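Please read the structure below before turning to the comments.
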Amino acid sequence: MSLYTENTSGLVKRRTEATMAAAANSKRQAQSDDDDNNSDSEKNMESDKDMRLTLLEEILLLGLKDREGYTSFWNDCISSGLRGCILVELALRGRIQLEKQQARRKSLLVRKIRSKNDAPTGDVILDEALNHIRRSGAEEGVQGWIDLLSGETWNPLKLHFQLRNVRERIAKNLVEKGVLSTGKQNFLLFDLTTHPVCDDTVKTRLIKRIQEAVLSKWPNDISKMDRRTLALIYLAHASDVLENAFQPLSDEDYDVAMRRVRHLLEIDVEDQSTHSNNNELMWAVVSAYLK
């Protein structure tokens, strides 16, 4: 069967069933491609949602009690751990780095931190720390900057480097992102602003990612682990909140997870930092907490 149509120039154009079928198939394929693109876009959006938290926010979220909305009063490690998160986050974003190795090789903790890229990160806390590092002119290594950002210094001229109200500011970021809510709890002598978890799915995904990293997705070669997830495990341990991610595990899985975490804590940090795909400053932070 053939169809004839007349175009604007008066010429007759012959269209066979084959050409009509080909046109229909082309249309269906284009629609299918659009659907695939939309599906990919949705997956990318979901992936972006999973990764929208900074290391600071992830560590605080792990440390928060879901219903009470505050961290344990007995945890005196999280404050220092959060300062390490700042340095690692800035390093992973390409904003800071360790000074270059000289002819005489230096250890990670001896090398000084240098500014690499002055572009703002969009996060107030990270940008404040970046400005301190960039403008200070201070010859400090990783441990020195962790102490300065924590306010632990005997030099009164360096007290202005301290980042204040870090936990509360991180919690407010999580409130804005819809992960936490805001409330108050009375402790007889004072009222405490609390931030209970209101979006369980975000924390559940975070815990699952940590569990899978040391269980079902554990690689025999540490260099093959995702850098951000690896940093998260080390920083969670340094902040004394890693145990919170392993509480839901069975006894058998818990033993396996802790054995692999101990393996991570016992590796040669200096050797790992020499691998081409590794971030030296990240390993310097790890070294500061493991020493």
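Chain identifiers are assigned as A, B, and so on, following the order in which chains appear in the structure tokens; residues are numbered from 1 within each chain, and ligands are numbered from 1 in order of appearance.
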ask   = So which residues touch Thr121 (chain A) within 9 Å, counting only C-alpha atoms, skipping near sequence neighbours fewer than 3 positions away, as a VMD selection string?
value = chain A and resid 90 93 95 118 124 126 to 127
task = Within 10 Å of region 204-214 of chain A, counting only C-alpha atoms, which residues show up once you throw out same-chain ones fewer than 2 positions away? Write them as an NGL selection string, please.
result = :A and (50-51 or 53 or 58-59 or 61-62 or 199-202 or 216-219 or 225-226 or 229-230 or 232-233 or 236 or 242 or 244-249 or 253-254 or 256-261 or 264)
inquiry  = Taking 2 positions as the minimum chain separation for residues in the same chain, which residues sit within 12 Å of Ile267 (chain A) when counting only C-alpha atoms? Answer as a PyMOL selection string.
reply    = chain A and resi 221-223+234+260-265+269-273+283+286-287+290
Go ahead and dump the residues you just picked, all heavy atoms, as a compact mmCIF listing (two decimals), in the first residue's frame.
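Listed below is the output, again09.txt:
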```
# COMPACT_ATOMS: atom_id res chain seq x y z
N ASP A 221 41.92 -4.76 48.74
CA ASP A 221 42.89 -3.69 48.54
C ASP A 221 42.28 -2.38 49.01
O ASP A 221 41.29 -1.90 48.44
CB ASP A 221 43.26 -3.60 47.05
CG ASP A 221 44.37 -2.59 46.79
OD1 ASP A 221 44.81 -1.92 47.75
OD2 ASP A 221 44.79 -2.46 45.63
N ILE A 222 42.83 -1.78 50.07
CA ILE A 222 42.28 -0.55 50.65
C ILE A 222 42.27 0.60 49.64
O ILE A 222 41.40 1.47 49.68
CB ILE A 222 43.08 -0.14 51.90
CG1 ILE A 222 43.07 -1.26 52.93
CG2 ILE A 222 42.52 1.14 52.51
CD1 ILE A 222 41.70 -1.67 53.37
N SER A 223 43.23 0.58 48.72
CA SER A 223 43.31 1.67 47.74
C SER A 223 42.10 1.71 46.82
O SER A 223 41.87 2.71 46.14
CB SER A 223 44.59 1.55 46.91
OG SER A 223 44.59 0.36 46.15
N TYR A 234 37.33 6.58 59.23
CA TYR A 234 38.41 7.03 60.11
C TYR A 234 37.95 8.18 61.02
O TYR A 234 38.25 8.19 62.23
CB TYR A 234 39.60 7.50 59.28
CG TYR A 234 40.52 6.39 58.83
CD1 TYR A 234 40.70 6.10 57.48
CD2 TYR A 234 41.24 5.64 59.75
CE1 TYR A 234 41.55 5.09 57.06
CE2 TYR A 234 42.10 4.62 59.34
CZ TYR A 234 42.25 4.35 58.00
OH TYR A 234 43.09 3.35 57.60
N ARG A 260 37.74 -5.61 60.61
CA ARG A 260 38.20 -4.86 59.44
C ARG A 260 38.52 -3.41 59.79
O ARG A 260 39.43 -2.82 59.20
CB ARG A 260 37.14 -4.96 58.34
CG ARG A 260 37.11 -6.36 57.73
CD ARG A 260 35.96 -6.59 56.79
NE ARG A 260 36.08 -7.91 56.17
CZ ARG A 260 35.13 -8.47 55.42
NH1 ARG A 260 34.00 -7.82 55.19
NH2 ARG A 260 35.32 -9.66 54.91
N VAL A 261 37.81 -2.85 60.74
CA VAL A 261 38.15 -1.50 61.20
C VAL A 261 39.52 -1.51 61.86
O VAL A 261 40.34 -0.60 61.64
CB VAL A 261 37.07 -0.97 62.18
CG1 VAL A 261 37.57 0.31 62.87
CG2 VAL A 261 35.78 -0.67 61.44
N ARG A 262 39.78 -2.53 62.68
CA ARG A 262 41.10 -2.64 63.30
C ARG A 262 42.20 -2.77 62.25
O ARG A 262 43.30 -2.23 62.41
CB ARG A 262 41.13 -3.83 64.26
CG ARG A 262 40.40 -3.60 65.57
CD ARG A 262 40.74 -4.67 66.59
NE ARG A 262 40.26 -5.97 66.19
CZ ARG A 262 39.05 -6.45 66.47
NH1 ARG A 262 38.19 -5.70 67.16
NH2 ARG A 262 38.69 -7.66 66.07
N HIS A 263 41.88 -3.47 61.16
CA HIS A 263 42.84 -3.57 60.06
C HIS A 263 43.14 -2.19 59.48
O HIS A 263 44.31 -1.87 59.19
CB HIS A 263 42.29 -4.49 58.97
CG HIS A 263 43.10 -4.50 57.71
ND1 HIS A 263 44.36 -5.07 57.63
CD2 HIS A 263 42.85 -3.97 56.47
CE1 HIS A 263 44.84 -4.91 56.41
NE2 HIS A 263 43.96 -4.25 55.69
N LEU A 264 42.10 -1.37 59.33
CA LEU A 264 42.30 -0.01 58.81
C LEU A 264 43.16 0.82 59.76
O LEU A 264 43.97 1.64 59.33
CB LEU A 264 40.94 0.68 58.61
CG LEU A 264 40.05 0.16 57.48
CD1 LEU A 264 38.72 0.90 57.48
CD2 LEU A 264 40.74 0.32 56.13
N LEU A 265 42.98 0.60 61.06
CA LEU A 265 43.72 1.39 62.05
C LEU A 265 45.18 0.97 62.14
O LEU A 265 46.00 1.72 62.68
CB LEU A 265 43.05 1.25 63.42
CG LEU A 265 41.60 1.73 63.51
CD1 LEU A 265 41.05 1.49 64.92
CD2 LEU A 265 41.47 3.19 63.13
N VAL A 269 50.14 4.30 57.34
CA VAL A 269 49.56 5.53 56.78
C VAL A 269 50.52 6.21 55.82
O VAL A 269 50.11 6.71 54.77
CB VAL A 269 49.14 6.48 57.92
CG1 VAL A 269 48.63 7.79 57.35
CG2 VAL A 269 48.08 5.84 58.80
N GLU A 270 51.78 6.27 56.18
CA GLU A 270 52.78 6.92 55.33
C GLU A 270 52.85 6.22 53.97
O GLU A 270 52.95 6.88 52.92
CB GLU A 270 54.15 6.90 56.01
CG GLU A 270 54.25 7.73 57.28
CD GLU A 270 54.34 9.22 57.00
OE1 GLU A 270 54.61 9.59 55.83
OE2 GLU A 270 54.16 10.01 57.94
N ASP A 271 52.78 4.90 53.98
CA ASP A 271 52.83 4.15 52.72
C ASP A 271 51.59 4.39 51.89
O ASP A 271 51.67 4.57 50.67
CB ASP A 271 52.99 2.66 53.03
CG ASP A 271 52.97 1.81 51.75
OD1 ASP A 271 53.91 1.96 50.95
OD2 ASP A 271 52.03 1.03 51.57
N GLN A 272 50.43 4.41 52.53
CA GLN A 272 49.18 4.64 51.80
C GLN A 272 49.16 6.01 51.13
O GLN A 272 48.63 6.18 50.04
CB GLN A 272 47.98 4.53 52.75
CG GLN A 272 47.64 3.12 53.19
CD GLN A 272 47.15 2.26 52.05
OE1 GLN A 272 46.44 2.73 51.17
NE2 GLN A 272 47.53 0.99 52.07
N SER A 273 49.76 7.00 51.76
CA SER A 273 49.74 8.36 51.22
C SER A 273 50.56 8.50 49.95
O SER A 273 50.40 9.47 49.20
CB SER A 273 50.25 9.35 52.27
OG SER A 273 51.64 9.16 52.50
N TRP A 283 45.34 11.51 54.62
CA TRP A 283 46.11 10.55 55.40
C TRP A 283 46.88 11.23 56.52
O TRP A 283 47.14 10.62 57.56
CB TRP A 283 47.05 9.77 54.49
CG TRP A 283 46.33 8.78 53.64
CD1 TRP A 283 46.10 8.85 52.30
CD2 TRP A 283 45.69 7.58 54.09
NE1 TRP A 283 45.36 7.76 51.88
CE2 TRP A 283 45.10 6.97 52.96
CE3 TRP A 283 45.56 6.96 55.34
CZ2 TRP A 283 44.39 5.77 53.06
CZ3 TRP A 283 44.86 5.77 55.43
CH2 TRP A 283 44.29 5.18 54.29
N VAL A 286 44.40 11.42 59.28
CA VAL A 286 44.28 10.09 59.88
C VAL A 286 45.46 9.81 60.79
O VAL A 286 45.31 9.30 61.91
CB VAL A 286 44.19 9.01 58.76
CG1 VAL A 286 44.28 7.61 59.37
CG2 VAL A 286 42.91 9.18 57.97
N SER A 287 46.66 10.15 60.32
CA SER A 287 47.87 9.94 61.11
C SER A 287 47.82 10.72 62.42
O SER A 287 48.28 10.23 63.48
CB SER A 287 49.10 10.36 60.29
OG SER A 287 50.28 10.16 61.03
N LEU A 290 45.70 8.76 64.84
CA LEU A 290 46.18 7.42 65.17
C LEU A 290 47.47 7.41 65.97
O LEU A 290 47.86 6.37 66.51
CB LEU A 290 46.39 6.60 63.88
CG LEU A 290 45.16 6.28 63.05
CD1 LEU A 290 45.52 5.41 61.86
CD2 LEU A 290 44.07 5.61 63.89
```
task = Can you check which residues of region 113-262 of chain A DSSP gives as strand (DSSP E) on the backbone and send them as a ChimeraX atom specification?
result = /A:113-115,183-186,191-194
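In this structure, CA of Leu215 (chain A) sits 21.6 Å away from CA of Asp268 (chain A).
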task = Would you please extract all alpha helix (DSSP H) residues from region 41-253 of chain A, as assigned by DSSP on the backbone, and give them as number ranges by chain?
result = A: 41-50, 55-63, 78-92, 124-136, 142-150, 166-176, 200-214, 227-238, 242-246, 251-253
key: Which of A:Gln97, A:Ser150, A:Asn131, A:Asn75 sits closest to Asn165 (chain A) [using only C-alpha atoms]   =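 Of A:Gln97, A:Ser150, A:Asn131, A:Asn75, the one nearest Asn165 (chain A), counting only C-alpha atoms, is A:Ser150.
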key: Length of the CA of Arg83 (chain A) to CA of Arg227 (chain A) vector [Å]   =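 Going from CA of Arg83 (chain A) over to CA of Arg227 (chain A) covers 18.1 Å.
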task = Might you pull out every residue within 7 Å of Cys85 (chain A), with only C-alpha atoms counted and same-chain residues fewer than 6 positions away left off, and present them as a list in words?
result =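 That gives Leu55, Leu56 and Leu235 of chain A.
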inquiry  = Env of region 103-111 of chain A: 6 Å cut, atoms = only C-alpha atoms, seq-sep filter 4 positions within chain, self excluded. Answer as number ranges by chain.
reply    = A: 99, 141, 284
Keeping only N, CA, C and O atoms, take the residues you just selected and write them out as an mmCIF file, in the first residue's frame.
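Produced file again27.cif, reproduced below:
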```cif
data_model
loop_
_atom_site.group_PDB
_atom_site.id
_atom_site.type_symbol
_atom_site.label_atom_id
_atom_site.label_comp_id
_atom_site.auth_asym_id
_atom_site.auth_seq_id
_atom_site.Cartn_x
_atom_site.Cartn_y
_atom_site.Cartn_z
ATOM 1 N N GLU A 99 52.323 20.792 51.827
ATOM 2 C CA GLU A 99 53.444 21.330 51.070
ATOM 3 C C GLU A 99 54.138 20.199 50.314
ATOM 4 O O GLU A 99 54.095 19.038 50.706
ATOM 5 N N GLY A 141 51.148 22.468 60.594
ATOM 6 C CA GLY A 141 50.781 21.209 59.983
ATOM 7 C C GLY A 141 49.357 20.832 60.355
ATOM 8 O O GLY A 141 48.601 21.643 60.897
ATOM 9 N N ALA A 284 47.229 12.497 56.346
ATOM 10 C CA ALA A 284 47.892 13.236 57.426
ATOM 11 C C ALA A 284 46.930 13.418 58.600
ATOM 12 O O ALA A 284 47.333 13.304 59.776
#
```
request  = Mind checking which residues fall within 10 Å of Arg164 (chain A), counting only C-alpha atoms, ignoring those fewer than 5 positions away in the same chain, and posting them as an MDAnalysis selection string?
outcome  = chainID A and resid 125 149:151 169
Atoms kept (N, CA and C atoms) for selection, written as a PDB file, in the first residue's frame:
```pdb
ATOM      1  N   ILE A 125      31.055  27.221  57.339  1.00  0.00           N
ATOM      2  CA  ILE A 125      32.112  26.746  58.235  1.00  0.00           C
ATOM      3  C   ILE A 125      33.384  26.430  57.453  1.00  0.00           C
ATOM      4  N   LEU A 149      41.931  25.432  65.260  1.00  0.00           N
ATOM      5  CA  LEU A 149      40.496  25.522  64.960  1.00  0.00           C
ATOM      6  C   LEU A 149      39.650  25.110  66.162  1.00  0.00           C
ATOM      7  N   SER A 150      40.251  24.326  67.074  1.00  0.00           N
ATOM      8  CA  SER A 150      39.548  23.920  68.295  1.00  0.00           C
ATOM      9  C   SER A 150      39.727  24.935  69.417  1.00  0.00           C
ATOM     10  N   GLY A 151      40.633  25.894  69.223  1.00  0.00           N
ATOM     11  CA  GLY A 151      40.903  26.887  70.261  1.00  0.00           C
ATOM     12  C   GLY A 151      41.883  26.394  71.300  1.00  0.00           C
ATOM     13  N   ARG A 169      26.040  25.111  64.567  1.00  0.00           N
ATOM     14  CA  ARG A 169      25.964  25.587  63.175  1.00  0.00           C
ATOM     15  C   ARG A 169      25.766  24.430  62.196  1.00  0.00           C
TER      16      ARG A 169
END
```
note = Using only C-alpha atoms, the shortest atom-to-atom distance to Glu68 (chain A) among A:Leu281, A:Ile113, A:Leu148, A:Leu180 belongs to A:Leu180
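Distance check against Leu64 (chain A) using only C-alpha atoms: of A:Asn278, A:Asn186, A:Ser239, A:Asn117, the minimum falls on A:Ser239.
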